[in-house]
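Student: Next up is a structure, given as structure tokens.
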Amino acid sequence: MKVLILDPLKCTGCRACEYACSFEHTGTFNPLDSRIEVSNFLEDLSFVPTLCLQCEKAYCAEVCPTSALTKNDQTGVVDFDKEKCIGCKQCIIACPWGSVKLNHNGKEIIKCDNCNGEPACVKVCKAEALTFEEVEDVVLAKQKRTAVLLKEIGKDLVKGVSS
Amino acid sequence: MIKGGFKGKILRVNLTSGEIRVEDLKEDWAKKFIGGRGYGTKIIYDEVDPTIDPLSEKNKVIIATGPLGGTLAPSSGRTMVITKGPLTGTIACSNAGGHFGPALKHAGFDLVIIEGKAKEPVYLWIYKGITELRPAQDIWGKSTDESDKILREKTHPLAETMEIGPAGEKQSLLANVMFNGHRAAGRTGVGAVLGSKNFKGIAVRGNQEVKVAEPEEFREAVSKTREILSKDAFSGGGAAMLGTAMLVNVLNSIGAFPIKNSQDAYFPEAEKISGETLRERNLIRNEACAECPIGCGRVTVIKEGKYKGAQGGGPEYESVWSLGAMCGISDLDAVLMANYLCDKYGMDTISAGVTVACAMELYEKGYLPQEDAPFPLTFGSGEALVETIKLMGEQKEKLGKLLAQGSYRLAEYYKHPELSMSVKKQEFPAYDPRGVKGIGLQFATSNRGACHVRGYTIAAEVLSGAVDRLKYEGKAELVKTFQDLTAALDSTGICLFTTFGLGGGDIALLLSTATGFQVGEKEFMQIGERIWNLERLFNLKAGFSRKDDTLPPRILKEPIKSGPSKGEIEELDKMLADYYKVRGWDNDGVPGEGKLKELELMVD
């Protein structure tokens with residue numbers, strides 16, 4: 001299963017992801033219609049993208065009274081069916097991440113759908129702060145990074161023992 | 001009816017009466033001048049008498065975006081500030097990156113016209129159809145970064161802001177207009193005009209969409225142009241790795257890197273202030289403007305010494321040079337500190353640095369007497385640089401007030417105007433014309449005084465090496481091409497740096513698919529030529545003529561003393577007459593009737 005990975009340390013704050021997302025879903029450019037949000041911290045010029053994490057235990061889906069939001073076990077995505085939505089906004093309240101939101105007119109619910117497996121945001125992220133990867137690969141890469149670190153620490157430990 | 005790109009609305013704010021009006025964008029003007037610099041220049045040309053005092057109530061300031069702002073077009077975050085510039089007295093257009101331009105589009109406007117003069121300091125707040133002037137007494141006097149913070153506190157945490165700092169308020173001729181406290185429309189003193197109007201700035205938050213005329217074709221044009229940019233050495237990686245300061249070693253290696261007020265053009269200590277050193281010592285992370293795949297912006301911190309802990313945006317190549325090499329300084333921490341201070345005061349780093357360099361030469365030669373200098377103004381002293389920038393920014397003491405008027409007026413006061421490295425009273429950027437011939441012609445003929453970004457021939461003369469930098473032949477055509485391309489580009493809302501990869505045809509494609517106008521490369525270049533000629537007409541009416549299209553005597557007469565370009569001078573006369581001819585102007589640099597007819601500039 002592929003997931004969207006965020007790396008805030010690489011984000012340059014260009015917001016191309018927001019524009020690509022808006023354009024993909026509405027055919028126009030409006031950051032308020034973007035499912036992904038980049039927060040700018042101007043005090044130290046740092047930038048952090050946030051978006052739907054497609055939770056396994058999806059509170060948004062659990063509280064949805066019309067099953068407009070459902071967890072798709074096949075794709076891993078929490079699907080949203082606009083036709084079923086009655087606009088009660090319980091999903092917005094339930095989401096711990098602020099990733100279910102209202103669009104620019106303040107009436108329609110929007111959330112990330114991974115663009116059916118080809119996220120538009122990832123395609124325009126030159127800084128590679130956003131990537132779309134197999135979960136297993138992410139885990140392996142992290143394990144490898146940790147192992148490299150431990151290997152270095154190990155060398156120092158050996159030194160300590162031998163001296 | 002314009003199908004896309006533009007929002008089609010202009011906001012006119014009269015500070016004298018307090019009246020705010022929404023006007024329609026004129027479609028025929030948009031076709032002839034696009035938006036941004038072109039459309040803004042047309043407004044200034046029609047509405048502002050070129051002979052007025054730029055700091056009088058009669059001057060106007062246009063804050064403009066282009067039709068590509070607020071779309072996914074690469075690097076489309078530019079905001080243009082157009083006015084009659086107080087440093088030069090010429091037409092002035094200064095532009096900045098960041099996110100303000102797109103936000104203005106999302107708020108529903110292509111341009112804002114600021115006119116008249118407020119009785120008390122005010123700022124403008126634009127949000128969801130609200131456009132109101134609000135009191136700014138409590139922000140007046142604050143640095144640009146503080147002003148940005150306060151404006152967002154007073155309006156919306158996600159507002160984008162434009163502000164002047166203390167330099168603009170005190171009408172320093174080096175005052176810029178800042179965006180979010182760290183992106184600068186740096187040149188020509190535009191901030192002083194806003195200061196003279198008691199106008200602190202704008203906070204804007206948008207909620208509207210920006211449409212494009214042909215979505216599928218536009219999507220393809222965006223993919224194509226982003227792809228081209230990713231393959232160019234500078235825009236595809238070099239700029240993100242080293243920032244614009246990567247040019248320090250490039251320009252120094254050919255001996256066209258002016259030092260000590262252009263007394264020479266090779267800096268043995270260049271490595272200490274290079275992009276590579278900046279990355280190693282001070283870089284925290286990269287920052288990119290709206291929709292920009294290039295990402296040249298730097299976020300830096302000073303890690304040790306007396307300025308330890310200070311941090312901010314930049315510095316750019318030009319700033320590293322003006323505050324560094326031009327003052328003979330290789331102390332990178334002092335350069336960074338001076339750069340941060342300039343941003344806080346809202347002062348152009350290029351002109352500020354070159355003015356300090358001029359003061360240092362005046363001091364060392366004994367023309368600036370010791371009693372006027374609160375401390376020794378010696379070349380190479382980082383401490384003197386930082387303290388001089390403070391004097392300039394706060395306009396303290398006699399010297400501070402003189403410095404705030406720029407190098408020409410400073411040098412003139414001390415009876416040696418020839419020591420100001422400027423054209424039309426605006427200071428040089430970081431390229432020595434003696435070592436790169438075409439850029440000298442560009443400095444001399446630029447419509448806003450000495451400037452590299454009106455026609456960046458460095459791309460062809462140095463970076464790609466497509467033409468011989470030391471030859472004079474063909475430079476007139478080269479300069480014209482770069483000037484026209486840039487004038488059109490500055491009117492679309494995208495950044496000049498895209499032209500490292502993109503040609504006029506690529507940008508015309510983005511423009512056409514966004515707006516629905518049918519613009520090919522030829523038409524695009526002609527729009528640029530039209531804008532260039534209109535700017536020239538404004539300047540001629542303001543009293544400028546051939547005699548002002550020149551360079552400081554040092555550049556024309558004193559050979560470079562050392563380095564790879566040793567012995568070179570700039571023989572401007574070998575290019576200037578050619579340039580006028582290529583432009584279709586007469587020997588005095590006046591556009592002929594034929595040229596004006598061809599460009600459809602007669603009927604207006």
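Ordering of the structure tokens sets the chain letters (A, B, ...); residue numbers start at 1 within each chain; ligands are numbered from 1 in the order shown.
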Only residues of chain B matter here; which ones have an atom within 6 Å of chain A, counting only C-alpha atoms? Give them as an mmCIF file with N, CA and C atoms, in the first residue's frame.
Tutor:
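In the end it all went to part-v7.cif:
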```cif
data_model
loop_
_atom_site.group_PDB
_atom_site.id
_atom_site.type_symbol
_atom_site.label_atom_id
_atom_site.label_comp_id
_atom_site.auth_asym_id
_atom_site.auth_seq_id
_atom_site.Cartn_x
_atom_site.Cartn_y
_atom_site.Cartn_z
ATOM 1 N N THR B 71 -1.560 31.105 -10.456
ATOM 2 C CA THR B 71 -1.745 29.837 -11.170
ATOM 3 C C THR B 71 -0.539 28.947 -10.874
ATOM 4 N N LEU B 72 -0.525 27.768 -11.479
ATOM 5 C CA LEU B 72 0.598 26.853 -11.262
ATOM 6 C C LEU B 72 1.766 27.119 -12.227
ATOM 7 N N GLU B 209 -11.074 31.878 -6.717
ATOM 8 C CA GLU B 209 -10.242 31.068 -7.607
ATOM 9 C C GLU B 209 -9.660 31.939 -8.720
ATOM 10 N N VAL B 210 -8.547 31.451 -9.286
ATOM 11 C CA VAL B 210 -8.021 32.045 -10.510
ATOM 12 C C VAL B 210 -8.232 31.005 -11.598
ATOM 13 N N LYS B 211 -8.926 31.404 -12.671
ATOM 14 C CA LYS B 211 -9.220 30.461 -13.757
ATOM 15 C C LYS B 211 -8.232 30.645 -14.889
ATOM 16 N N ASN B 286 16.285 25.993 2.457
ATOM 17 C CA ASN B 286 15.924 26.740 1.250
ATOM 18 C C ASN B 286 14.521 27.284 1.402
ATOM 19 N N GLU B 287 14.265 28.363 0.694
ATOM 20 C CA GLU B 287 12.919 28.897 0.651
ATOM 21 C C GLU B 287 12.575 29.180 -0.801
ATOM 22 N N ALA B 288 11.348 28.875 -1.174
ATOM 23 C CA ALA B 288 10.931 29.140 -2.551
ATOM 24 C C ALA B 288 9.742 30.091 -2.546
ATOM 25 N N CYS B 289 9.663 30.920 -3.585
ATOM 26 C CA CYS B 289 8.487 31.772 -3.772
ATOM 27 C C CYS B 289 7.340 30.914 -4.317
ATOM 28 N N ALA B 290 6.200 31.552 -4.498
ATOM 29 C CA ALA B 290 5.013 30.829 -4.919
ATOM 30 C C ALA B 290 5.255 30.024 -6.194
ATOM 31 N N GLU B 291 4.911 28.774 -6.148
ATOM 32 C CA GLU B 291 4.922 27.852 -7.298
ATOM 33 C C GLU B 291 6.296 27.723 -7.936
ATOM 34 N N CYS B 292 7.333 27.957 -7.168
ATOM 35 C CA CYS B 292 8.652 27.992 -7.798
ATOM 36 C C CYS B 292 9.403 26.676 -7.668
ATOM 37 N N PRO B 293 9.743 26.053 -8.799
ATOM 38 C CA PRO B 293 10.539 24.823 -8.750
ATOM 39 C C PRO B 293 12.040 25.106 -8.635
#
```
Student: So that I can check the surroundings of range 107-119 of chain A, please list as a list in words every protein, DNA and RNA residue that reaches within 7 Å of it, counting only C-alpha atoms and ignoring chain neighbours fewer than 2 positions away.
Tutor: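 The filter keeps Arg35, Cys52, Val77, Asp79, Gly87, Ser99, Val100, Lys101, Leu102, Asn103, Asn105, Cys121, Val122 and Lys123 of chain A.
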Student: Would you save the residues of that selection, restricted to C-alpha atoms, as a PDB file, in the first residue's frame?
Tutor:
```pdb
ATOM      1  CA  ARG A  35      -6.724  19.180   0.265  1.00  0.00           C
ATOM      2  CA  CYS A  52      -5.002  13.557   5.331  1.00  0.00           C
ATOM      3  CA  VAL A  77      -7.851   5.575   1.330  1.00  0.00           C
ATOM      4  CA  ASP A  79     -13.142   7.579   0.437  1.00  0.00           C
ATOM      5  CA  GLY A  87     -22.871  18.789   5.297  1.00  0.00           C
ATOM      6  CA  SER A  99      -7.356  17.395   7.226  1.00  0.00           C
ATOM      7  CA  VAL A 100     -11.057  17.261   6.464  1.00  0.00           C
ATOM      8  CA  LYS A 101     -12.032  20.789   5.497  1.00  0.00           C
ATOM      9  CA  LEU A 102     -14.544  23.041   3.813  1.00  0.00           C
ATOM     10  CA  ASN A 103     -13.907  24.353   0.314  1.00  0.00           C
ATOM     11  CA  ASN A 105     -17.448  28.627  -0.484  1.00  0.00           C
ATOM     12  CA  CYS A 121       0.898  17.318  -5.280  1.00  0.00           C
ATOM     13  CA  VAL A 122       3.786  14.856  -5.426  1.00  0.00           C
ATOM     14  CA  LYS A 123       4.351  15.522  -9.121  1.00  0.00           C
TER      15      LYS A 123
END
```
Student: Contacts of range 496-505 of chain B at 6 Å or less, counting only C-alpha atoms, minus same-chain residues fewer than 4 places along, as a list in words?
Tutor: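 Using only C-alpha atoms, the neighbours found are Ile228, Leu229, Asp232 and Glu521 of chain B.
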Student: Identify all residues of range 99-249 of chain B in helix (DSSP H, G or I) (DSSP on the backbone) and supply them as JSON, numbers by chain.
Tutor: {"B": [100, 101, 102, 103, 104, 105, 106, 144, 145, 146, 147, 148, 149, 150, 151, 152, 153, 154, 166, 167, 168, 169, 190, 191, 192, 193, 194, 195, 196, 215, 216, 217, 218, 219, 220, 221, 222, 223, 224, 225, 226, 227, 228, 229, 230, 231, 234, 235, 236, 237, 238, 239, 240, 241, 242, 244, 245, 246, 247, 248, 249]}
Student: Which residue gives the smallest distance to Lys57 in chain A among A:Val148, A:Val138, A:Ile86, A:Ala94, with only C-alpha atoms counted?
Tutor: A:Ala94
Student: Residues near Cys64 in chain A, anyone? I mean within 7 Å using only C-alpha atoms, not counting same-chain ones fewer than 4 positions away, as a list of chain:residue names.
Tutor: A:Cys60, A:Ala68, A:Leu69, A:Gln90, A:Cys91
Student: Point out the residue among A:Val139, A:Ile153, A:Val158, A:Cys55 with the least atom-to-atom distance to Gly76 in chain A, counting only C-alpha atoms.
Tutor: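 The shortest atom-to-atom distance to Gly76 in chain A comes from A:Cys55.
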Student: Skip range 271-281 of chain B itself and residues of its chain fewer than 6 positions away, then list as a PyMOL selection string all residues within 10 Å of it, counting only C-alpha atoms.
Tutor: chain B and resi 239+241-250+252+298-304+314-317+320-321+324-325+329-333+335-336
Student: Can you pull out the residues contacting range 45-62 of chain B? Cut-off 10 Å, using only C-alpha atoms, and skip same-chain residues under 6 positions away; I want them as a VMD selection string.
Tutor: chain B and resid 11 to 12 14 to 16 36 to 37 39 80 to 93 111 to 118 171 173 189 to 197 534 to 535 537 to 543 604
Student: Identify, on the basis of only C-alpha atoms, every residue whose closest approach to Arg152 in chain B does not exceed 10 Å; exclude the query and any residue fewer than 3 positions from it along the same chain; express the result as a list in words.
Tutor: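 Using only C-alpha atoms, the neighbours found are Glu146, Ser147, Asp148, Lys149, Thr155, His156, Pro157, Leu158, Ala159, Glu160, Thr161, Asn180, Ala203, Val204 and Arg205 of chain B.
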Student: Generate a file of the selected residues that holds C-alpha atoms, formatted as a PDB file, in the first residue's frame.
Tutor:
```pdb
ATOM      1  CA  GLU B 146       7.665  43.438  13.051  1.00  0.00           C
ATOM      2  CA  SER B 147       5.258  45.277  10.775  1.00  0.00           C
ATOM      3  CA  ASP B 148       4.486  42.039   8.956  1.00  0.00           C
ATOM      4  CA  LYS B 149       3.774  40.313  12.261  1.00  0.00           C
ATOM      5  CA  THR B 155      -6.054  41.139  10.201  1.00  0.00           C
ATOM      6  CA  HIS B 156      -5.694  37.408   9.625  1.00  0.00           C
ATOM      7  CA  PRO B 157      -2.947  34.981  10.666  1.00  0.00           C
ATOM      8  CA  LEU B 158      -2.687  33.753   7.085  1.00  0.00           C
ATOM      9  CA  ALA B 159      -2.697  37.194   5.438  1.00  0.00           C
ATOM     10  CA  GLU B 160       0.119  38.073   3.053  1.00  0.00           C
ATOM     11  CA  THR B 161       1.628  41.460   3.727  1.00  0.00           C
ATOM     12  CA  ASN B 180       6.251  39.399   4.656  1.00  0.00           C
ATOM     13  CA  ALA B 203      -2.525  42.984   4.207  1.00  0.00           C
ATOM     14  CA  VAL B 204      -4.441  40.689   1.889  1.00  0.00           C
ATOM     15  CA  ARG B 205      -6.121  37.324   2.171  1.00  0.00           C
TER      16      ARG B 205
END
```
Student: Take CA of Pro135 in chain B and CA of Asp24 in chain B and report the distance between them in Å, one decimal.
Tutor: 27.6 Å
Student: Between CA of Val354 in chain B and CA of Val467 in chain B, what is the distance in Å, rounded to a tenth?
Tutor: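 We find that CA of Val354 in chain B and CA of Val467 in chain B lie 28.4 Å from each other.
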